[in-house]
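Peer 1: Can you read through this structure? Questions will come right after.
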Amino acid sequence: MKPGLYITALLHCLASIHSNAQRVSDYRFINFGAKDGLLEKIVYCATQDNRGYMWFGTATGLYRYDGHTFNHFRSPLDKGGSAIGNILQGIMTDNDGNLWLGSYTSMQWYNPYKNRYWQPDPIKPENKILLSSYILNFSKGKYIWISTNKNFVYRFNKKDSSFLSLAPLYPSGASSSSIATAEYGDYLYDIHPEGIYIFSIEGKYIKKAGFTPEDISNAFFVPGEKALYLSTYLHGVQKFDIASHDYTHLYPENKQLNKNHLLSIAKDNEGSITQEVIRFM
């Protein structure tokens with residue numbers, strides 16, 4: 001479960017760990033709220049569709065930003081106990097332009113061109129488990145991968161629209177919470193708080209690259225560097241080298257930011273790293 005639900009106060013700041021990064025004062029920040037149509041204060045995820053619209057997953061469902069205003073979208077498939085209109089934590093645009101939407105109680109697709117929602121057949125037992133697995137994240141490559149909080153990772157095969165659960169393949173003691181995944185070459189890298197589980201993309205377990213503090217909170221994959229940048233709650237930013245399977249601590253000494261918990265991490269086109277920081281008051 002993402003920690004956003006338990007936070008009484010959020011501190012969003014950008015902190016560079018790259019030697020030639022711009023200062024925070026060089027950026028222009030715009031705060032969006034109810035006056036712009038965004039009625040929800042907690043935003044978990046975002047994606048941009050093929051037409052340039054921005055889509056946001058929030059604690060009360062799906063919003064679209066068209067450059068001027070936010071519009072709240074409601075799915076006609078939502079029903080009590082199964083809805084993407086509540087705590088929408090995972091969102092991704094696939095190569096066909098469809099939005100993948102994942103919440104605590106459901107998973108749906110949305111085609112913004114046709115304004116059409118649909119979902120996996122909830123009658124199938126394997127789909128019923130998936131839809132109630134607390135979906136956290138999506139990633140894409142040869143396959144589409146679905147990270148869940150309660151039931152590890154699923155692989156979606158577009159050819160036959162099937163979902164393969166990797167749950168039976170994990171070693172004993174693995175946490176069921178997959179934070180994020182990254183596909184590179186013939187391998188899948190599945191990030192958990194306690195480390196990275198490595199699979200073949202066809203679903204064979206390879207090994208675990210453990211992270212001893214067990215406090216990884218999120219990850220950002222840079223294919224060109226063959227590296228995962230990991231944010232942690234108490235151990236700063238870590239870099240995981242795909243070739244060597246080694247972790248390197250990157251985060252410099254910063255007394256102010258070391259008091260906070262890093263929730264997510266990203267890297268811009270100029271090579272600067274930014275973090276979203278959470279501070280528990």
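Convention: chains lettered A, B, ... in structure tokens order; per-chain residue numbering from 1; ligands numbered from 1 as shown.
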Find the spatial neighbours of Leu250 of chain A, counting only C-alpha atoms, within a cut-off of 7 Å - ignore same-chain residues fewer than 2 positions away - and output them as a list of chain:residue names.
Peer 2: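 These residues fall inside the cut-off: A:Val237, A:Gln238, A:Lys239, A:Thr248, A:Pro252.
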Peer 1: I'd like the contact shell of Ile179 of chain A - 12 Å cut-off, only C-alpha atoms, skipping same-chain residues fewer than 3 positions apart - returned as a VMD selection string.
Peer 2: chain A and resid 1 to 3 89 to 90 134 to 139 145 to 153 175 to 176 182 189 to 197 215 to 220 230 to 232 263 to 264
Peer 1: Keeping only N, CA and C atoms, take the residues you just selected and write them out as a tab-separated table (two decimals), in the first residue's frame.
Peer 2:
chain	number	residue	atom	x	y	z
A	1	MET	N	0.84	-1.19	0.00
A	1	MET	CA	0.00	0.00	0.00
A	1	MET	C	0.87	1.24	0.00
A	2	LYS	N	0.58	2.20	-0.85
A	2	LYS	CA	1.39	3.40	-0.90
A	2	LYS	C	1.14	4.26	0.33
A	3	PRO	N	2.20	4.90	0.84
A	3	PRO	CA	2.08	5.61	2.11
A	3	PRO	C	1.31	6.90	2.03
A	89	GLN	N	-4.39	4.05	-8.06
A	89	GLN	CA	-2.96	4.14	-7.80
A	89	GLN	C	-2.08	3.82	-8.99
A	90	GLY	N	-2.62	3.16	-10.01
A	90	GLY	CA	-1.81	2.79	-11.15
A	90	GLY	C	-2.44	3.28	-12.44
A	134	TYR	N	-5.05	-5.20	-5.11
A	134	TYR	CA	-4.49	-3.88	-4.82
A	134	TYR	C	-3.42	-3.52	-5.85
A	135	ILE	N	-3.86	-3.16	-7.04
A	135	ILE	CA	-2.93	-2.85	-8.13
A	135	ILE	C	-2.22	-1.52	-7.85
A	136	LEU	N	-0.89	-1.56	-7.97
A	136	LEU	CA	-0.08	-0.39	-7.66
A	136	LEU	C	0.55	0.26	-8.88
A	137	ASN	N	0.89	-0.54	-9.91
A	137	ASN	CA	1.70	0.02	-10.98
A	137	ASN	C	1.61	-0.83	-12.23
A	138	PHE	N	1.95	-0.22	-13.37
A	138	PHE	CA	2.04	-0.93	-14.65
A	138	PHE	C	3.38	-0.58	-15.31
A	139	SER	N	3.90	-1.50	-16.11
A	139	SER	CA	5.05	-1.19	-16.96
A	139	SER	C	4.89	-1.97	-18.26
A	145	TRP	N	3.24	-5.56	-17.60
A	145	TRP	CA	3.39	-6.13	-16.26
A	145	TRP	C	2.58	-5.33	-15.28
A	146	ILE	N	1.96	-6.03	-14.36
A	146	ILE	CA	1.06	-5.42	-13.38
A	146	ILE	C	1.60	-5.71	-11.99
A	147	SER	N	1.99	-4.65	-11.28
A	147	SER	CA	2.48	-4.79	-9.91
A	147	SER	C	1.31	-4.66	-8.94
A	148	THR	N	1.25	-5.55	-7.97
A	148	THR	CA	0.19	-5.51	-6.98
A	148	THR	C	0.76	-5.50	-5.57
A	149	ASN	N	-0.04	-5.03	-4.65
A	149	ASN	CA	0.38	-4.99	-3.25
A	149	ASN	C	0.14	-6.32	-2.54
A	150	LYS	N	-0.86	-7.06	-2.98
A	150	LYS	CA	-1.24	-8.27	-2.26
A	150	LYS	C	-0.85	-9.57	-2.95
A	151	ASN	N	-0.52	-9.51	-4.25
A	151	ASN	CA	-0.31	-10.77	-4.96
A	151	ASN	C	0.80	-10.67	-6.02
A	152	PHE	N	1.92	-10.04	-5.64
A	152	PHE	CA	3.11	-10.03	-6.49
A	152	PHE	C	2.85	-9.39	-7.86
A	153	VAL	N	3.24	-10.09	-8.95
A	153	VAL	CA	3.22	-9.52	-10.30
A	153	VAL	C	2.42	-10.41	-11.25
A	175	SER	N	8.15	-10.67	0.09
A	175	SER	CA	6.94	-9.90	0.37
A	175	SER	C	6.05	-9.92	-0.86
A	176	SER	N	4.76	-9.82	-0.65
A	176	SER	CA	3.81	-9.89	-1.77
A	176	SER	C	3.67	-8.56	-2.49
A	182	ALA	N	10.52	-3.39	-14.25
A	182	ALA	CA	11.18	-2.87	-15.44
A	182	ALA	C	11.61	-4.05	-16.29
A	189	TYR	N	12.77	-7.07	-14.00
A	189	TYR	CA	13.29	-6.68	-12.69
A	189	TYR	C	12.12	-6.18	-11.85
A	190	ASP	N	11.81	-6.93	-10.81
A	190	ASP	CA	10.65	-6.65	-9.98
A	190	ASP	C	11.11	-6.10	-8.64
A	191	ILE	N	10.75	-4.84	-8.38
A	191	ILE	CA	11.26	-4.14	-7.19
A	191	ILE	C	10.30	-4.32	-6.02
A	192	HIS	N	10.85	-4.81	-4.91
A	192	HIS	CA	10.13	-4.96	-3.65
A	192	HIS	C	10.88	-4.18	-2.58
A	193	PRO	N	10.27	-3.94	-1.42
A	193	PRO	CA	11.00	-3.23	-0.36
A	193	PRO	C	12.32	-3.89	0.01
A	194	GLU	N	12.37	-5.22	-0.06
A	194	GLU	CA	13.56	-5.96	0.38
A	194	GLU	C	14.56	-6.26	-0.72
A	195	GLY	N	14.31	-5.76	-1.93
A	195	GLY	CA	15.26	-6.00	-3.01
A	195	GLY	C	14.59	-6.19	-4.35
A	196	ILE	N	15.35	-6.71	-5.29
A	196	ILE	CA	14.88	-6.86	-6.67
A	196	ILE	C	14.88	-8.34	-7.05
A	197	TYR	N	13.72	-8.81	-7.47
A	197	TYR	CA	13.58	-10.20	-7.94
A	197	TYR	C	13.70	-10.20	-9.46
A	215	ASP	N	13.90	-1.15	2.71
A	215	ASP	CA	13.05	0.04	2.76
A	215	ASP	C	12.98	0.75	1.41
A	216	ILE	N	13.08	0.00	0.31
A	216	ILE	CA	12.92	0.59	-1.01
A	216	ILE	C	11.48	1.06	-1.16
A	217	SER	N	11.30	2.28	-1.65
A	217	SER	CA	9.95	2.84	-1.78
A	217	SER	C	9.49	2.99	-3.22
A	218	ASN	N	10.45	3.18	-4.17
A	218	ASN	CA	10.06	3.33	-5.56
A	218	ASN	C	11.30	3.20	-6.44
A	219	ALA	N	11.09	3.25	-7.76
A	219	ALA	CA	12.20	3.04	-8.67
A	219	ALA	C	11.96	3.76	-9.99
A	220	PHE	N	13.05	4.10	-10.66
A	220	PHE	CA	13.00	4.70	-11.98
A	220	PHE	C	14.07	4.03	-12.83
A	230	LEU	N	16.77	3.90	-7.26
A	230	LEU	CA	15.82	3.51	-6.23
A	230	LEU	C	15.73	4.57	-5.15
A	231	SER	N	14.51	4.94	-4.79
A	231	SER	CA	14.32	5.79	-3.61
A	231	SER	C	14.03	4.88	-2.43
A	232	THR	N	14.48	5.31	-1.25
A	232	THR	CA	14.26	4.53	-0.03
A	232	THR	C	13.73	5.46	1.06
A	263	LEU	N	9.80	9.14	-1.51
A	263	LEU	CA	8.70	8.33	-2.02
A	263	LEU	C	8.92	7.91	-3.46
A	264	SER	N	9.42	8.81	-4.29
A	264	SER	CA	9.59	8.45	-5.69
A	264	SER	C	10.79	9.18	-6.27
Peer 1: Name the residues of segment 132-232 of chain A that come out as strand (DSSP E) in a backbone DSSP run; write them as a ChimeraX atom specification.
Peer 2: /A:135-140,144-148,153-157,162-165,180-184,187-192,195-200,205-210,216-222,227-232
Peer 1: Atom CA of Pro76 of chain A and atom CA of Thr93 of chain A, how far apart in Å?
Peer 2: 20.0 Å
Peer 1: For Asp246 of chain A, find every residue with an atom within 12 Å (counting only C-alpha atoms), except residues of its own chain fewer than 5 positions away, and show them as a compact mmCIF listing (two decimals) with N, CA and C atoms, in the first residue's frame.
Peer 2:
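selection38.txt, freshly written:
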# COMPACT_ATOMS: atom_id res chain seq x y z
N GLY A 195 14.31 -5.76 -1.93
CA GLY A 195 15.26 -6.00 -3.01
C GLY A 195 14.59 -6.19 -4.35
N ILE A 196 15.35 -6.71 -5.29
CA ILE A 196 14.88 -6.86 -6.67
C ILE A 196 14.88 -8.34 -7.05
N LYS A 208 17.36 -13.34 -6.59
CA LYS A 208 17.02 -12.14 -5.83
C LYS A 208 18.29 -11.35 -5.56
N ALA A 209 18.24 -10.04 -5.82
CA ALA A 209 19.31 -9.13 -5.43
C ALA A 209 18.81 -8.38 -4.21
N GLY A 210 19.15 -8.88 -3.02
CA GLY A 210 18.59 -8.35 -1.80
C GLY A 210 19.13 -6.98 -1.41
N PHE A 211 18.27 -6.19 -0.78
CA PHE A 211 18.66 -4.89 -0.24
C PHE A 211 18.41 -4.96 1.26
N LYS A 226 21.46 1.15 -18.22
CA LYS A 226 21.25 -0.20 -17.70
C LYS A 226 21.23 -0.17 -16.17
N ALA A 227 20.43 0.74 -15.65
CA ALA A 227 20.41 0.95 -14.21
C ALA A 227 19.03 1.32 -13.71
N LEU A 228 18.74 0.92 -12.49
CA LEU A 228 17.56 1.33 -11.77
C LEU A 228 17.97 2.30 -10.68
N TYR A 229 17.30 3.44 -10.61
CA TYR A 229 17.51 4.38 -9.51
C TYR A 229 16.39 4.15 -8.51
N GLN A 238 19.57 4.99 -4.17
CA GLN A 238 20.46 3.90 -4.52
C GLN A 238 20.41 3.66 -6.02
N LYS A 239 21.53 3.27 -6.58
CA LYS A 239 21.59 2.90 -8.00
C LYS A 239 21.87 1.41 -8.09
N PHE A 240 21.01 0.69 -8.84
CA PHE A 240 21.18 -0.75 -9.03
C PHE A 240 21.67 -0.99 -10.45
N ASP A 241 22.85 -1.57 -10.57
CA ASP A 241 23.45 -1.86 -11.86
C ASP A 241 22.96 -3.22 -12.37
Peer 1: Please produce, as a tab-separated table, a per-residue contact table for segment 73-116 of chain A versus segment 49-58 of chain A (criterion: any atom at most 9 Å away, only C-alpha atoms considered), showing the nearest atom pair and its distance in Å to one decimal, sorted by chain then residue number.
Peer 2:
residue	atom	partner	partner_atom	distance
A:Gly85	CA	A:Thr58	CA	8.5
A:Asn86	CA	A:Thr58	CA	7.6
A:Ile87	CA	A:Thr58	CA	5.9
A:Leu88	CA	A:Gly57	CA	4.8
A:Gln89	CA	A:Gly57	CA	5.8
A:Gly90	CA	A:Gly57	CA	6.8
A:Ile91	CA	A:Gly57	CA	6.5
A:Met92	CA	A:Asp49	CA	8.6
A:Thr93	CA	A:Asp49	CA	5.9
A:Asp94	CA	A:Asp49	CA	8.6
A:Asn95	CA	A:Asn50	CA	8.8
A:Asp96	CA	A:Asn50	CA	8.7
A:Gly97	CA	A:Asn50	CA	5.8
A:Asn98	CA	A:Asp49	CA	8.0
A:Leu99	CA	A:Asp49	CA	7.7
A:Leu101	CA	A:Gly57	CA	8.1
A:Gly102	CA	A:Gly57	CA	8.8
A:Ser103	CA	A:Gly57	CA	8.9
A:Pro112	CA	A:Asp49	CA	8.5
Peer 1: From the set A:Arg74, A:Lys204, A:Lys124, A:Arg28, which residue has the shortest atom-to-atom contact distance to Pro171 of chain A, counting only C-alpha atoms?
Peer 2: A:Lys204
Peer 1: Please return, as number ranges by chain, all residues of segment 33-258 of chain A that DSSP assigns to alpha helix (DSSP H) on the basis of the backbone.
Peer 2: A: 125-131
Peer 1: Which residue gives the smallest distance to Lys140 of chain A among A:Leu188, A:Ile123, A:Ile42, A:Leu234, with only C-alpha atoms counted?
Peer 2: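 Smallest distance to Lys140 of chain A is found for A:Leu188.
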